[in-house]
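Here the structure comes first, spelled out in structure tokens, and everything after it is commentary.
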Amino acid sequence: MSPQNNIDSSAFVLHFPDAVRIAGESVQGRVELNVALAQDEGIENLDVYLRGYIVTTIIENNFDGSDTRHEREIELINFSKLLWARGTAFPDPGSHLLDLPFKFQLPVSLPPSFHLSVINHEATIQYIVEVVGSRPGRFRRDNVVHQIFPVLPAASPEQVVARKSLKKGWHGAWTAVSVERKIRQGIWGDHAHARAKVKIPELESFPRATPVPISLYIETRTKPMALTAIPADKYNKPLFPAPPTHSAEVKLFFEREASIRTWRKSAVVADTFPTRSVFGDLNTSVDADVEAAQWIPDPERKDYGVWKRSARFDTTVTLPFAPTFSTETIDSKYFLHFQLSFPGMGNDLELHVPISLHPAHTCPSFALNYADVPPEGTPPLRLIDELPPPAYSIEHLIAQAGL
């Protein structure tokens, strides 16, 4: 069941510092209760709840201009604990405050926190701690305070090994994905060719928030032409198409594709995010490793051929996003989307590299009291009656927390 709206209470304060939690671990916090104020506000009981749920929404536009909202909610966890009841516990003499600790065990099978919002489509996996001060009586609303917190699945031993291997420098096998297309600068004449190939470590999935080495190789070949002394035209400009020489000339996006399902409707939607890499960034642009131009003669036409030129970028990319997952109503897929534009209309070269992400950290093997750990700079969240915008999604929260 989705949480209620925040109704602030001066009688109690929730202490539950922002931190990324791992499925399977214990989460704990405390509530500071002012008993005198609780009596003034008519609070009879104080309960704490730990809730988690999946909500998928698809809005259907009808022919008459109306909308039909299709929504499905799946409850993941719903734990509760009575912290205080009127007349059962009192503060020490001279004080009005009671310190009420709580502790819950997260199930090991929880999916990661997640938020996607595309036009008429929304999917959310959210976890909340909620404290409710019950105020019986007609026309009286309960006092409620709550806090959203991010959850990640625990990494397996094999996934931990993969992360260590990448951090030490990859020495294993590589896999490659490539694309090639014909392009031309105008609307007439022969076509030139452009080809891109990406090499990444040969792993089934990659640890999130961990630098992954990638090698991008770009090769261009001019249209068939008469032999020239150098690969330049009469204006001493590079012949079309010239490969990029700076990483800022190549754009790289993290593309997320999600299948979402309600009771009666299903859809596949996608959105994109910038990546932590040198590609497309003017401030951190690096030079390419450029090979010398090579003349390739035409075996059937004397003094005719093409100029072949190539460039290679070796770098890393860090992806601080939720691990790939699948649930009853949401499936996620990820891609690295490389984009390179050459002069002329419609001369974009695009390459989609499927990539699966897995957790990077195991469940803590020791009892960490989060109630005593100060926040690590995680930004404040909106009230729970508003779904968190992309800026405060799991990706942003976890990146800020440094996991």
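FYI, nothing fancy with the structure tokens labels: chains A, B, ... in order, residues from 1 per chain, ligands from 1 as they appear.
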Env of Pro244 (chain A): 8 Å cut, atoms = only C-alpha atoms, seq-sep filter 5 positions within chain, self excluded. Answer as a list in words.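 So the residues in contact are Ile218, Glu249, Val250, Ala288 and Ala311 of chain A.
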For the residues in the current selection, export N, CA and C atoms as a PDB file, in the first residue's frame.
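Result file follows (out12.pdb):
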```
ATOM      1  N   ILE A 218      37.326   3.775 -34.969  1.00  0.00           N
ATOM      2  CA  ILE A 218      36.522   4.364 -36.044  1.00  0.00           C
ATOM      3  C   ILE A 218      37.360   4.387 -37.313  1.00  0.00           C
ATOM      4  N   GLU A 249      34.123  14.779 -30.020  1.00  0.00           N
ATOM      5  CA  GLU A 249      33.371  14.646 -31.269  1.00  0.00           C
ATOM      6  C   GLU A 249      32.474  13.412 -31.270  1.00  0.00           C
ATOM      7  N   VAL A 250      32.643  12.542 -30.287  1.00  0.00           N
ATOM      8  CA  VAL A 250      31.829  11.329 -30.169  1.00  0.00           C
ATOM      9  C   VAL A 250      30.929  11.472 -28.958  1.00  0.00           C
ATOM     10  N   ALA A 288      42.702  11.313 -30.034  1.00  0.00           N
ATOM     11  CA  ALA A 288      42.632   9.940 -30.519  1.00  0.00           C
ATOM     12  C   ALA A 288      44.012   9.450 -30.917  1.00  0.00           C
ATOM     13  N   ALA A 311      40.967   6.048 -36.346  1.00  0.00           N
ATOM     14  CA  ALA A 311      41.299   6.638 -35.050  1.00  0.00           C
ATOM     15  C   ALA A 311      40.798   5.705 -33.956  1.00  0.00           C
TER      16      ALA A 311
END
```
Using only C-alpha atoms, determine which residues lie at most 9 Å from Asp289 (chain A), disregarding the query and same-chain residues fewer than 3 positions distant; provide the list as JSON, numbers by chain. {"A": [245, 310, 311, 312, 313, 314]}
With N, CA and C atoms kept, could you save the residues just selected as a short mmCIF file (atom, residue, chain, number, x, y, z; two decimals), in the first residue's frame?
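Output saved as result07.cif:
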```
data_model
loop_
_atom_site.label_atom_id
_atom_site.label_comp_id
_atom_site.auth_asym_id
_atom_site.auth_seq_id
_atom_site.Cartn_x
_atom_site.Cartn_y
_atom_site.Cartn_z
N THR A 245 39.15 13.22 -34.25
CA THR A 245 40.47 13.25 -33.63
C THR A 245 40.41 13.60 -32.14
N SER A 310 41.85 6.04 -39.87
CA SER A 310 41.26 5.46 -38.66
C SER A 310 41.76 6.19 -37.41
N ALA A 311 40.97 6.05 -36.35
CA ALA A 311 41.30 6.64 -35.05
C ALA A 311 40.80 5.71 -33.96
N ARG A 312 41.51 5.70 -32.83
CA ARG A 312 41.13 4.82 -31.73
C ARG A 312 41.17 5.59 -30.41
N PHE A 313 40.15 5.36 -29.60
CA PHE A 313 40.09 5.94 -28.26
C PHE A 313 40.07 4.80 -27.25
N ASP A 314 40.97 4.87 -26.28
CA ASP A 314 40.98 3.91 -25.17
C ASP A 314 40.68 4.67 -23.89
#
```
Just the residues within 7 Å of region 59-75 of chain A, please, counting only C-alpha atoms, with nothing from its chain fewer than 4 positions along; format it as a PyMOL selection string. chain A and resi 1+52-55+120-121+262-263+265
Any chance you could tabulate, as JSON lines, the residues of region 125-144 of chain A at most 12 Å from region 99-105 of chain A with each one's nearest atom pair and distance in Å to one decimal, using only C-alpha atoms, in chain and rising number order?
```
{"residue": "A:Val129", "atom": "CA", "partner": "A:Phe104", "partner_atom": "CA", "distance": 10.2}
{"residue": "A:Glu130", "atom": "CA", "partner": "A:Phe102", "partner_atom": "CA", "distance": 11.6}
{"residue": "A:Val131", "atom": "CA", "partner": "A:Phe102", "partner_atom": "CA", "distance": 10.8}
```
File dump, residues just selected, N, CA and C atoms, as a PDB file, in the first residue's frame:
```pdb
ATOM      1  N   VAL A 129      10.577   4.170   5.047  1.00  0.00           N
ATOM      2  CA  VAL A 129      10.351   4.033   6.483  1.00  0.00           C
ATOM      3  C   VAL A 129       9.323   5.083   6.863  1.00  0.00           C
ATOM      4  N   GLU A 130       8.293   4.666   7.588  1.00  0.00           N
ATOM      5  CA  GLU A 130       7.205   5.575   7.927  1.00  0.00           C
ATOM      6  C   GLU A 130       6.862   5.430   9.404  1.00  0.00           C
ATOM      7  N   VAL A 131       6.739   6.565  10.078  1.00  0.00           N
ATOM      8  CA  VAL A 131       6.347   6.585  11.489  1.00  0.00           C
ATOM      9  C   VAL A 131       4.967   7.215  11.576  1.00  0.00           C
TER      10      VAL A 131
END
```
Could you give me, as an MDAnalysis selection string, the residues within 9 Å of Ala85 (chain A), counting only C-alpha atoms and dropping anything in the same chain fewer than 3 positions from it? chainID A and resid 43:47 82 88:89
Would you save the residues from that selection as a CSV table (one decimal), in the first residue's frame, using C-alpha atoms?
```csv
chain,number,residue,atom,x,y,z
A,43,ILE,CA,-1.3,10.7,20.1
A,44,GLU,CA,-2.2,7.3,21.6
A,45,ASN,CA,0.2,5.0,19.8
A,46,LEU,CA,3.4,5.3,17.8
A,47,ASP,CA,4.2,2.7,15.1
A,82,LEU,CA,4.7,-0.7,17.9
A,88,THR,CA,3.3,2.2,28.8
A,89,ALA,CA,6.6,4.1,28.9
```
Residue contacts of Phe342 (chain A) (8 Å, only C-alpha atoms) excluding same-chain residues fewer than 3 positions away, as JSON, numbers by chain: {"A": [241, 242, 347, 348, 349]}
Residues within 12 Å of Thr315 (chain A), only C-alpha atoms, excluding chain neighbours under 6 positions, as a PDB file with C-alpha atoms, in the first residue's frame:
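What landed in around-v6.pdb:
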```pdb
ATOM      1  CA  GLY A 169      43.204  -3.661 -14.873  1.00  0.00           C
ATOM      2  CA  VAL A 198      33.656  -1.087 -29.677  1.00  0.00           C
ATOM      3  CA  LYS A 199      35.622  -3.592 -27.610  1.00  0.00           C
ATOM      4  CA  ILE A 200      34.696  -4.308 -23.982  1.00  0.00           C
ATOM      5  CA  PRO A 211      35.203   1.920 -14.340  1.00  0.00           C
ATOM      6  CA  VAL A 212      34.867  -0.370 -17.360  1.00  0.00           C
ATOM      7  CA  PRO A 213      37.622  -0.197 -19.998  1.00  0.00           C
ATOM      8  CA  ILE A 214      36.403   0.328 -23.555  1.00  0.00           C
ATOM      9  CA  SER A 215      38.157   0.768 -26.880  1.00  0.00           C
ATOM     10  CA  LEU A 216      36.409   2.628 -29.695  1.00  0.00           C
ATOM     11  CA  TYR A 217      37.836   2.188 -33.187  1.00  0.00           C
ATOM     12  CA  SER A 247      36.775  12.379 -27.933  1.00  0.00           C
ATOM     13  CA  ARG A 276      30.761   9.454 -16.832  1.00  0.00           C
ATOM     14  CA  SER A 277      33.268   9.342 -19.669  1.00  0.00           C
ATOM     15  CA  VAL A 278      35.382  11.598 -21.885  1.00  0.00           C
ATOM     16  CA  PHE A 279      33.048  11.201 -24.859  1.00  0.00           C
ATOM     17  CA  THR A 284      37.927  16.468 -20.578  1.00  0.00           C
ATOM     18  CA  SER A 285      38.366  15.736 -24.277  1.00  0.00           C
ATOM     19  CA  VAL A 286      41.323  13.519 -25.158  1.00  0.00           C
ATOM     20  CA  ASP A 287      43.129  13.050 -28.449  1.00  0.00           C
ATOM     21  CA  ALA A 288      42.632   9.940 -30.519  1.00  0.00           C
ATOM     22  CA  ASP A 289      45.378   7.528 -31.471  1.00  0.00           C
TER      23      ASP A 289
END
```
Pick out the closest residue to Glu255 (chain A) from this set: A:Pro354, A:Pro150, A:Gly29, A:Gly172. Count only C-alpha atoms.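 Comparing A:Pro354, A:Pro150, A:Gly29, A:Gly172 against Glu255 (chain A), the winner is A:Pro354.
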Which of these, A:Asp281, A:Asp92, A:Glu122, A:Asp298, has the shortest distance to Ala267 (chain A) once you count only C-alpha atoms? A:Glu122
Do a neighbour search on region 153-163 of chain A at 10 Å with only C-alpha atoms, toss out local chain neighbours closer than 4 positions, and write the hits as a ChimeraX atom specification. /A:21-25,107-113,167-168,170,203-212,322-323,325,358-364
Computed interatomic separation between CA of Thr228 (chain A) and CA of Arg181 (chain A) (Å): 24.4 Å
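Reported to one decimal place, the separation of CA of Leu239 (chain A) from CA of Leu227 (chain A) is 12.3 Å.
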